[in-house]
file my_file.cif (mmCIF, C-alpha atoms and all ligand atoms)
data_run
loop_
_atom_site.label_atom_id
_atom_site.label_comp_id
_atom_site.auth_asym_id
_atom_site.auth_seq_id
_atom_site.Cartn_x
_atom_site.Cartn_y
_atom_site.Cartn_z
CA LEU A 1 1.20 2.67 -25.46
CA PRO A 2 3.58 -0.28 -25.85
CA ILE A 3 5.80 -1.15 -22.88
CA LYS A 4 8.83 0.55 -24.45
CA ASP A 5 7.01 3.89 -24.21
CA LYS A 6 6.17 3.63 -20.51
CA ILE A 7 7.97 6.25 -18.47
CA LEU A 8 6.78 5.42 -14.95
CA PHE A 9 6.96 1.96 -13.38
CA PHE A 10 5.17 1.03 -10.16
CA LEU A 11 6.83 -1.93 -8.49
CA ASP A 12 5.06 -3.99 -5.86
CA LEU A 13 7.33 -4.89 -2.94
CA ASP A 14 6.53 -8.33 -1.51
CA GLY A 15 6.59 -11.10 -4.09
CA VAL A 16 8.25 -8.85 -6.67
CA LEU A 17 11.37 -7.25 -5.16
CA ARG A 18 11.66 -9.30 -1.97
CA VAL A 19 10.21 -12.34 -0.21
CA GLY A 20 9.74 -13.11 3.51
CA LYS A 21 8.87 -10.84 6.43
CA GLU A 22 11.46 -11.77 9.08
CA GLU A 23 14.29 -13.06 6.93
CA THR A 24 13.86 -11.20 3.68
CA LYS A 25 15.57 -12.26 0.49
CA LEU A 26 15.97 -10.23 -2.67
CA ILE A 27 13.99 -11.54 -5.66
CA GLY A 28 15.21 -8.98 -8.18
CA GLY A 29 15.06 -5.37 -9.23
CA VAL A 30 18.71 -4.31 -9.37
CA LYS A 31 19.00 -4.76 -13.15
CA LEU A 32 15.60 -3.21 -13.89
CA ILE A 33 16.06 -0.16 -11.66
CA SER A 34 19.49 0.50 -13.14
CA LYS A 35 17.93 0.35 -16.63
CA LEU A 36 15.04 2.64 -15.60
CA ASN A 37 17.50 5.17 -14.18
CA SER A 38 19.85 5.07 -17.18
CA SER A 39 17.00 5.38 -19.70
CA GLY A 40 15.43 8.41 -18.00
CA ARG A 41 12.38 6.52 -16.79
CA ASP A 42 10.97 6.92 -13.31
CA PHE A 43 9.72 4.35 -10.83
CA ARG A 44 8.02 4.04 -7.45
CA VAL A 45 7.58 1.13 -5.10
CA LEU A 46 3.84 0.75 -4.51
CA SER A 47 3.04 -1.45 -1.52
CA ASN A 48 0.08 -2.09 0.79
CA THR A 49 2.48 -2.35 3.74
CA THR A 50 1.46 -0.32 6.79
CA THR A 51 3.79 -1.56 9.53
CA ALA A 52 7.06 0.07 8.43
CA THR A 53 7.91 3.60 7.32
CA ALA A 54 9.31 4.30 3.86
CA ALA A 55 12.67 5.04 5.51
CA GLU A 56 12.65 1.66 7.28
CA ILE A 57 11.74 -0.16 4.05
CA SER A 58 14.50 1.68 2.21
CA ALA A 59 17.04 0.63 4.88
CA ALA A 60 15.80 -2.98 4.82
CA LEU A 61 16.13 -3.14 1.02
CA LYS A 62 19.63 -1.68 1.17
CA LYS A 63 20.66 -4.55 3.48
CA ILE A 64 19.69 -7.10 0.83
CA GLY A 65 21.35 -5.15 -1.97
CA LEU A 66 18.71 -2.86 -3.46
CA GLU A 67 19.10 0.92 -3.23
CA ILE A 68 15.76 2.75 -3.32
CA PRO A 69 15.45 6.16 -1.62
CA PRO A 70 12.52 6.55 0.82
CA GLU A 71 10.85 9.23 -1.33
CA LYS A 72 10.37 6.62 -4.07
CA ILE A 73 8.54 4.26 -1.71
CA PHE A 74 4.78 4.71 -1.62
CA THR A 75 2.94 2.60 0.94
CA ALA A 76 -0.69 2.36 1.97
CA ALA A 77 0.45 4.09 5.18
CA ASN A 78 2.16 7.16 3.70
CA LEU A 79 -0.46 7.53 0.96
CA THR A 80 -3.19 7.46 3.64
CA GLY A 81 -1.38 10.33 5.36
CA LYS A 82 -1.12 12.14 2.03
CA TYR A 83 -4.78 11.51 1.17
CA LEU A 84 -5.93 12.90 4.51
CA SER A 85 -3.82 16.07 4.27
CA ASP A 86 -4.88 16.71 0.64
CA ARG A 87 -8.58 16.31 1.45
CA PHE A 88 -8.88 17.59 4.99
CA GLY A 89 -5.68 19.34 6.01
CA HIS A 90 -4.64 18.64 9.58
CA CYS A 91 -6.45 15.60 11.00
CA VAL A 92 -6.76 13.89 14.33
CA CYS A 93 -6.33 10.15 13.79
CA PHE A 94 -7.31 7.41 16.21
CA LEU A 95 -5.01 4.76 14.85
CA ILE A 96 -5.49 1.02 14.74
CA GLY A 97 -2.05 0.21 13.48
CA GLU A 98 1.58 -0.10 14.43
CA ILE A 99 4.31 2.41 15.16
CA GLY A 100 5.44 2.75 11.52
CA PHE A 101 1.97 3.90 10.50
CA ALA A 102 1.82 6.43 13.38
CA GLU A 103 5.15 7.83 12.24
CA GLU A 104 3.96 8.24 8.63
CA LEU A 105 0.77 10.02 9.77
CA ARG A 106 2.81 12.39 11.96
CA GLN A 107 5.18 13.11 9.06
CA HIS A 108 2.13 14.28 7.10
CA GLY A 109 1.25 16.67 9.91
CA HIS A 110 -1.52 14.70 11.59
CA GLU A 111 -2.10 14.21 15.28
CA VAL A 112 -2.13 10.54 16.22
CA VAL A 113 -4.02 9.41 19.27
CA SER A 114 -4.35 5.90 20.62
CA LEU A 115 -5.45 4.15 23.77
CA GLU A 116 -2.31 5.32 25.54
CA ASN A 117 -3.11 9.00 24.91
CA GLU A 118 -6.51 8.81 26.59
CA VAL A 119 -7.66 11.64 24.35
CA GLU A 120 -11.25 11.82 23.21
CA ILE A 121 -10.94 12.92 19.59
CA SER A 122 -14.62 13.57 18.96
CA PRO A 123 -16.56 15.67 18.30
CA ARG A 124 -13.68 17.65 16.84
CA GLU A 125 -13.64 18.24 13.12
CA ASN A 126 -11.49 16.15 10.79
CA SER A 127 -11.22 13.24 13.15
CA PHE A 128 -10.81 9.78 11.73
CA VAL A 129 -10.34 6.21 12.78
CA VAL A 130 -7.47 5.08 10.57
CA VAL A 131 -7.05 1.33 10.15
CA GLY A 132 -3.87 -0.54 9.27
CA LEU A 133 -2.35 -3.86 10.27
CA ASP A 134 -2.22 -4.09 14.06
CA ARG A 135 -0.71 -7.26 15.44
CA LYS A 136 -1.35 -6.14 19.04
CA LEU A 137 -5.02 -5.32 18.53
CA THR A 138 -7.17 -5.70 21.65
CA PHE A 139 -10.88 -5.69 22.34
CA GLU A 140 -10.42 -2.43 24.24
CA LYS A 141 -8.78 -0.67 21.30
CA LEU A 142 -11.39 -1.90 18.86
CA ASN A 143 -14.15 -0.78 21.19
CA ARG A 144 -12.60 2.67 21.64
CA ALA A 145 -12.42 2.99 17.87
CA MET A 146 -16.10 2.12 17.60
CA ILE A 147 -16.96 4.80 20.16
CA GLN A 148 -14.93 7.37 18.20
CA ILE A 149 -16.91 6.43 15.08
CA LYS A 150 -20.21 6.73 16.97
CA ASN A 151 -19.08 10.20 18.03
CA GLY A 152 -18.52 11.26 14.43
CA ALA A 153 -15.07 10.08 13.34
CA GLY A 154 -14.99 8.65 9.78
CA ILE A 155 -13.36 5.29 9.05
CA VAL A 156 -10.35 5.39 6.71
CA ALA A 157 -9.04 1.98 5.64
CA SER A 158 -5.41 1.73 4.53
CA HIS A 159 -6.58 -1.31 2.52
CA THR A 160 -9.03 -4.19 2.87
CA ALA A 161 -7.03 -7.34 2.16
CA ARG A 162 -8.41 -10.40 3.99
CA GLN A 163 -5.08 -12.13 4.59
CA TYR A 164 -1.37 -11.78 4.03
CA TYR A 165 1.33 -14.41 3.92
CA ASP A 166 3.60 -14.44 6.93
CA THR A 167 6.42 -16.89 7.56
CA SER A 168 3.90 -19.08 9.37
CA GLY A 169 1.39 -18.98 6.50
CA PRO A 170 -1.90 -17.14 5.88
CA THR A 171 -2.45 -14.42 8.52
CA ILE A 172 -5.38 -12.12 9.20
CA SER A 173 -4.94 -8.74 7.54
CA VAL A 174 -6.54 -5.27 7.65
CA GLY A 175 -9.86 -6.03 5.89
CA PRO A 176 -11.39 -8.06 8.74
CA ILE A 177 -10.59 -5.25 11.22
CA VAL A 178 -12.27 -2.69 8.94
CA ALA A 179 -15.25 -5.05 8.54
CA ALA A 180 -15.59 -5.43 12.33
CA LEU A 181 -15.68 -1.64 12.80
CA GLU A 182 -18.12 -1.13 9.92
CA TYR A 183 -20.42 -3.83 11.27
CA ALA A 184 -20.30 -2.56 14.84
CA SER A 185 -20.82 1.10 13.96
CA LYS A 186 -23.12 0.67 10.92
CA GLN A 187 -20.82 3.12 9.11
CA LYS A 188 -18.95 2.41 5.89
CA ALA A 189 -15.33 3.48 5.47
CA ILE A 190 -15.20 6.91 3.80
CA ALA A 191 -12.10 5.83 1.88
CA VAL A 192 -10.11 2.70 1.12
CA ILE A 193 -6.62 3.73 0.04
CA GLY A 194 -4.51 0.65 -0.77
CA LYS A 195 -4.48 -1.64 -3.79
CA PRO A 196 -6.73 -2.68 -5.50
CA SER A 197 -8.52 0.61 -4.73
CA PRO A 198 -7.98 3.01 -7.66
CA LEU A 199 -7.30 5.69 -5.01
CA MET A 200 -3.82 4.24 -4.43
CA TYR A 201 -2.98 4.65 -8.12
CA GLU A 202 -4.64 8.06 -8.41
CA ILE A 203 -2.63 9.45 -5.49
CA ALA A 204 0.57 7.82 -6.74
CA LEU A 205 0.09 9.15 -10.29
CA HIS A 206 -0.75 12.62 -9.03
CA GLN A 207 2.27 12.57 -6.73
CA SER A 208 4.56 11.56 -9.63
CA GLY A 209 2.99 13.91 -12.19
CA LYS A 210 2.38 11.15 -14.78
CA LYS A 211 -0.67 9.76 -16.55
CA GLY A 212 -2.03 6.22 -16.28
CA ARG A 213 -1.32 5.35 -19.91
CA GLU A 214 2.33 6.40 -19.47
CA SER A 215 2.69 3.99 -16.55
CA ALA A 216 3.04 0.29 -15.82
CA MET A 217 2.37 -1.72 -12.67
CA VAL A 218 4.48 -4.76 -11.86
CA GLY A 219 2.87 -7.08 -9.31
CA ASP A 220 2.58 -10.71 -8.22
CA GLN A 221 -1.19 -10.68 -7.48
CA LEU A 222 -3.78 -10.12 -10.20
CA GLU A 223 -6.60 -9.32 -7.73
CA ILE A 224 -4.54 -6.76 -5.86
CA ASP A 225 -1.90 -5.29 -8.17
CA ILE A 226 -3.41 -5.57 -11.63
CA ALA A 227 -7.16 -5.19 -10.94
CA GLY A 228 -6.77 -1.67 -9.54
CA ALA A 229 -4.33 -0.52 -12.20
CA LYS A 230 -6.28 -1.41 -15.33
CA PRO A 231 -9.26 0.97 -14.87
CA LEU A 232 -6.77 3.87 -14.85
CA GLY A 233 -5.15 2.73 -18.09
CA ILE A 234 -2.03 1.50 -16.36
CA TYR A 235 -0.24 -1.37 -18.18
CA GLY A 236 -0.43 -4.50 -16.00
CA ILE A 237 2.58 -6.80 -15.69
CA LEU A 238 2.37 -10.04 -13.71
CA VAL A 239 5.57 -11.57 -12.32
CA LEU A 240 5.66 -15.24 -11.32
CA THR A 241 7.80 -14.89 -8.19
CA GLY A 242 4.85 -14.50 -5.79
CA VAL A 243 1.24 -15.55 -5.33
CA ASP A 244 -0.16 -15.91 -8.87
CA THR A 245 1.01 -18.50 -11.37
CA ARG A 246 0.67 -18.95 -15.12
CA ALA A 247 -2.23 -21.35 -14.41
CA SER A 248 -4.07 -18.97 -12.05
CA ALA A 249 -3.65 -16.19 -14.64
CA ILE A 250 -5.45 -18.35 -17.20
CA ASP A 251 -8.32 -18.97 -14.75
CA SER A 252 -8.59 -15.35 -13.63
CA ALA A 253 -10.97 -12.79 -15.13
CA ILE A 254 -8.27 -10.17 -14.58
CA LYS A 255 -5.93 -10.26 -17.54
CA PRO A 256 -2.42 -8.80 -17.32
CA ASP A 257 -0.95 -7.17 -20.43
CA LEU A 258 2.25 -9.12 -19.94
CA ILE A 259 3.58 -12.02 -17.85
CA VAL A 260 7.28 -12.37 -17.00
CA GLU A 261 9.09 -14.83 -14.73
CA ASN A 262 11.12 -12.24 -12.81
CA VAL A 263 10.96 -8.46 -12.49
CA ASP A 264 14.44 -8.17 -14.04
CA ASP A 265 13.19 -9.89 -17.22
CA LEU A 266 11.62 -6.54 -18.09
CA THR A 267 15.05 -5.00 -18.57
CA ASP A 268 15.49 -6.41 -22.07
CA LEU A 269 12.05 -5.18 -23.16
CA LEU A 270 12.82 -1.52 -22.44
MG MG B 301 2.87 -8.58 -3.67
#
call {"tool": "encode", "arguments": {"input": "my_file.cif", "output": "structure tokens"}}
result
Amino acid sequence: LPIKDKILFFLDLDGVLRVGKEETKLIGGVKLISKLNSSGRDFRVLSNTTTATAAEISAALKKIGLEIPPEKIFTAANLTGKYLSDRFGHCVCFLIGEIGFAEELRQHGHEVVSLENEVEISPRENSFVVVGLDRKLTFEKLNRAMIQIKNGAGIVASHTARQYYDTSGPTISVGPIVAALEYASKQKAIAVIGKPSPLMYEIALHQSGKKGRESAMVGDQLEIDIAGAKPLGIYGILVLTGVDTRASAIDSAIKPDLIVENVDDLTDLL
């Protein structure tokens, strides 16, 4: 389907709608979202973020001038919670992650245990070691997670990105933590949720009741945003306000269907 016929738009957050972790600035989205709303199209934010809840992201966006209700914000954290409840019902999660992730898991009905709880989660059924970004990770926590895995808990990775860009530059992300646990326990993660895993798109499409070919993904990283979308028939749109450039798009094996400078440039095409 041509872009005019797309009825669901997935919008990446960092590098598309906003930039910067501490002092965030709006990149765009106001014009596009207003057009999507007025033309009867639907949209969701689709982000690998695991440190903030959808409600916190919604509030942060409002501060910089973009109104998006929490229920339209899908993150690797809340979709991990959703994935676990759809597949396994109530789960016990040993979390490597921050408070926002714990909150999202609890909102999906899961029990969250951590070092502080001193609860041995195994060998209970439906117990998992859930891995997100944890900027206070310690040897002790990592080791406890490994023991949980040895005792039968499956590894669930919110995503496996190697690095992310913080204000200070490239920073270690979730993937290396997952790799450490896999290596130590000789177990592979039973699921990787976040982009570019097709699971992220499958859950998001299912949750929104739309098909891949009716949808478009707008992202700033070909490897992360576009690579996972294409196998599901989702139209891939690269914006040039983040990581990838026109030159890197030429070099890349992952080809977007469309390249625009700014997310709001899509408004005139709809
Ligand atoms: Mg991005």
call {"tool": "closest_atom_pairs", "arguments": {"input": "my_file.cif", "of": "chain A", "to": "ligand MG 301 (chain B)", "cutoff": "6 Å", "atoms": "all atoms listed in the file", "output": "tab-separated table"}}
result
residue	atom	partner	partner_atom	distance
A:Asp12	CA	B:MG301	MG	5.5
A:Leu13	CA	B:MG301	MG	5.8
A:Asp14	CA	B:MG301	MG	4.3
A:Gly15	CA	B:MG301	MG	4.5
A:Gly219	CA	B:MG301	MG	5.8
A:Asp220	CA	B:MG301	MG	5.0
A:Gln221	CA	B:MG301	MG	6.0
call {"tool": "closest_residue", "arguments": {"input": "my_file.cif", "among": "A:Gly29, A:Pro170, A:Gly89, A:Gly242", "to": "Gly109 (chain A)", "atoms": "all atoms listed in the file"}}
result
A:Gly89
call {"tool": "residues_around", "arguments": {"input": "my_file.cif", "residues": "Ser39 (chain A)", "least_positions_apart": "2", "cutoff": "12 Å", "atoms": "all atoms listed in the file", "output": "ChimeraX atom specification"}}
result
/A:4-8,32-37,41-43,267,270
call {"tool": "atom_distance", "arguments": {"input": "my_file.cif", "atom1": "CA of Arg87 (chain A)", "atom2": "CA of Leu199 (chain A)"}}
result
12.5 Å
call {"tool": "atom_distance", "arguments": {"input": "my_file.cif", "atom1": "CA of Leu66 (chain A)", "atom2": "CA of Lys25 (chain A)"}}
result
10.7 Å
call {"tool": "residues_around", "arguments": {"input": "my_file.cif", "residues": "region 148-162 of chain A", "least_positions_apart": "2", "cutoff": "8 Å", "atoms": "all atoms listed in the file", "output": "ChimeraX atom specification"}}
result
/A:48,50,76-77,80,94,120-123,126-132,144-146,164,172-176,178,185,187-195,197
call {"tool": "write_last_selection", "arguments": {"input": "my_file.cif", "atoms": "C-alpha atoms", "output": "compact mmCIF listing (two decimals), keeping the file's coordinate frame"}}
result
# COMPACT_ATOMS: atom_id res chain seq x y z
CA ASN A 48 0.08 -2.09 0.79
CA THR A 50 1.46 -0.32 6.79
CA ALA A 76 -0.69 2.36 1.97
CA ALA A 77 0.45 4.09 5.18
CA THR A 80 -3.19 7.46 3.64
CA PHE A 94 -7.31 7.41 16.21
CA GLU A 120 -11.25 11.82 23.21
CA ILE A 121 -10.94 12.92 19.59
CA SER A 122 -14.62 13.57 18.96
CA PRO A 123 -16.56 15.67 18.30
CA ASN A 126 -11.49 16.15 10.79
CA SER A 127 -11.22 13.24 13.15
CA PHE A 128 -10.81 9.78 11.73
CA VAL A 129 -10.34 6.21 12.78
CA VAL A 130 -7.47 5.08 10.57
CA VAL A 131 -7.05 1.33 10.15
CA GLY A 132 -3.87 -0.54 9.27
CA ARG A 144 -12.60 2.67 21.64
CA ALA A 145 -12.42 2.99 17.87
CA MET A 146 -16.10 2.12 17.60
CA TYR A 164 -1.37 -11.78 4.03
CA ILE A 172 -5.38 -12.12 9.20
CA SER A 173 -4.94 -8.74 7.54
CA VAL A 174 -6.54 -5.27 7.65
CA GLY A 175 -9.86 -6.03 5.89
CA PRO A 176 -11.39 -8.06 8.74
CA VAL A 178 -12.27 -2.69 8.94
CA SER A 185 -20.82 1.10 13.96
CA GLN A 187 -20.82 3.12 9.11
CA LYS A 188 -18.95 2.41 5.89
CA ALA A 189 -15.33 3.48 5.47
CA ILE A 190 -15.20 6.91 3.80
CA ALA A 191 -12.10 5.83 1.88
CA VAL A 192 -10.11 2.70 1.12
CA ILE A 193 -6.62 3.73 0.04
CA GLY A 194 -4.51 0.65 -0.77
CA LYS A 195 -4.48 -1.64 -3.79
CA SER A 197 -8.52 0.61 -4.73
call {"tool": "closest_residue", "arguments": {"input": "my_file.cif", "among": "A:Thr49, A:Ser215, A:Ser58, A:Gln207", "to": "Lys230 (chain A)", "atoms": "all atoms listed in the file"}}
result
A:Ser215
call {"tool": "closest_residue", "arguments": {"input": "my_file.cif", "among": "A:Gly228, A:Gly209, A:Gly65, A:Gly28", "to": "Leu240 (chain A)", "atoms": "all atoms listed in the file"}}
result
A:Gly28
call {"tool": "residues_around", "arguments": {"input": "my_file.cif", "residues": "Glu56 (chain A)", "least_positions_apart": "3", "cutoff": "12 Å", "atoms": "all atoms listed in the file", "output": "short mmCIF file (atom, residue, chain, number, x, y, z; two decimals) with C-alpha atoms, in the coordinates of the input"}}
result
data_model
loop_
_atom_site.label_atom_id
_atom_site.label_comp_id
_atom_site.auth_asym_id
_atom_site.auth_seq_id
_atom_site.Cartn_x
_atom_site.Cartn_y
_atom_site.Cartn_z
CA THR A 49 2.48 -2.35 3.74
CA THR A 50 1.46 -0.32 6.79
CA THR A 51 3.79 -1.56 9.53
CA ALA A 52 7.06 0.07 8.43
CA THR A 53 7.91 3.60 7.32
CA ALA A 59 17.04 0.63 4.88
CA ALA A 60 15.80 -2.98 4.82
CA LEU A 61 16.13 -3.14 1.02
CA LYS A 62 19.63 -1.68 1.17
CA LYS A 63 20.66 -4.55 3.48
CA ILE A 68 15.76 2.75 -3.32
CA PRO A 69 15.45 6.16 -1.62
CA PRO A 70 12.52 6.55 0.82
CA GLU A 71 10.85 9.23 -1.33
CA ILE A 73 8.54 4.26 -1.71
CA THR A 75 2.94 2.60 0.94
CA ILE A 99 4.31 2.41 15.16
CA GLY A 100 5.44 2.75 11.52
CA PHE A 101 1.97 3.90 10.50
CA GLU A 103 5.15 7.83 12.24
CA GLU A 104 3.96 8.24 8.63
#
call {"tool": "closest_residue", "arguments": {"input": "my_file.cif", "among": "A:Gln107, A:Ser114, A:Asn78, A:Ser168", "to": "Cys93 (chain A)", "atoms": "all atoms listed in the file"}}
result
A:Ser114
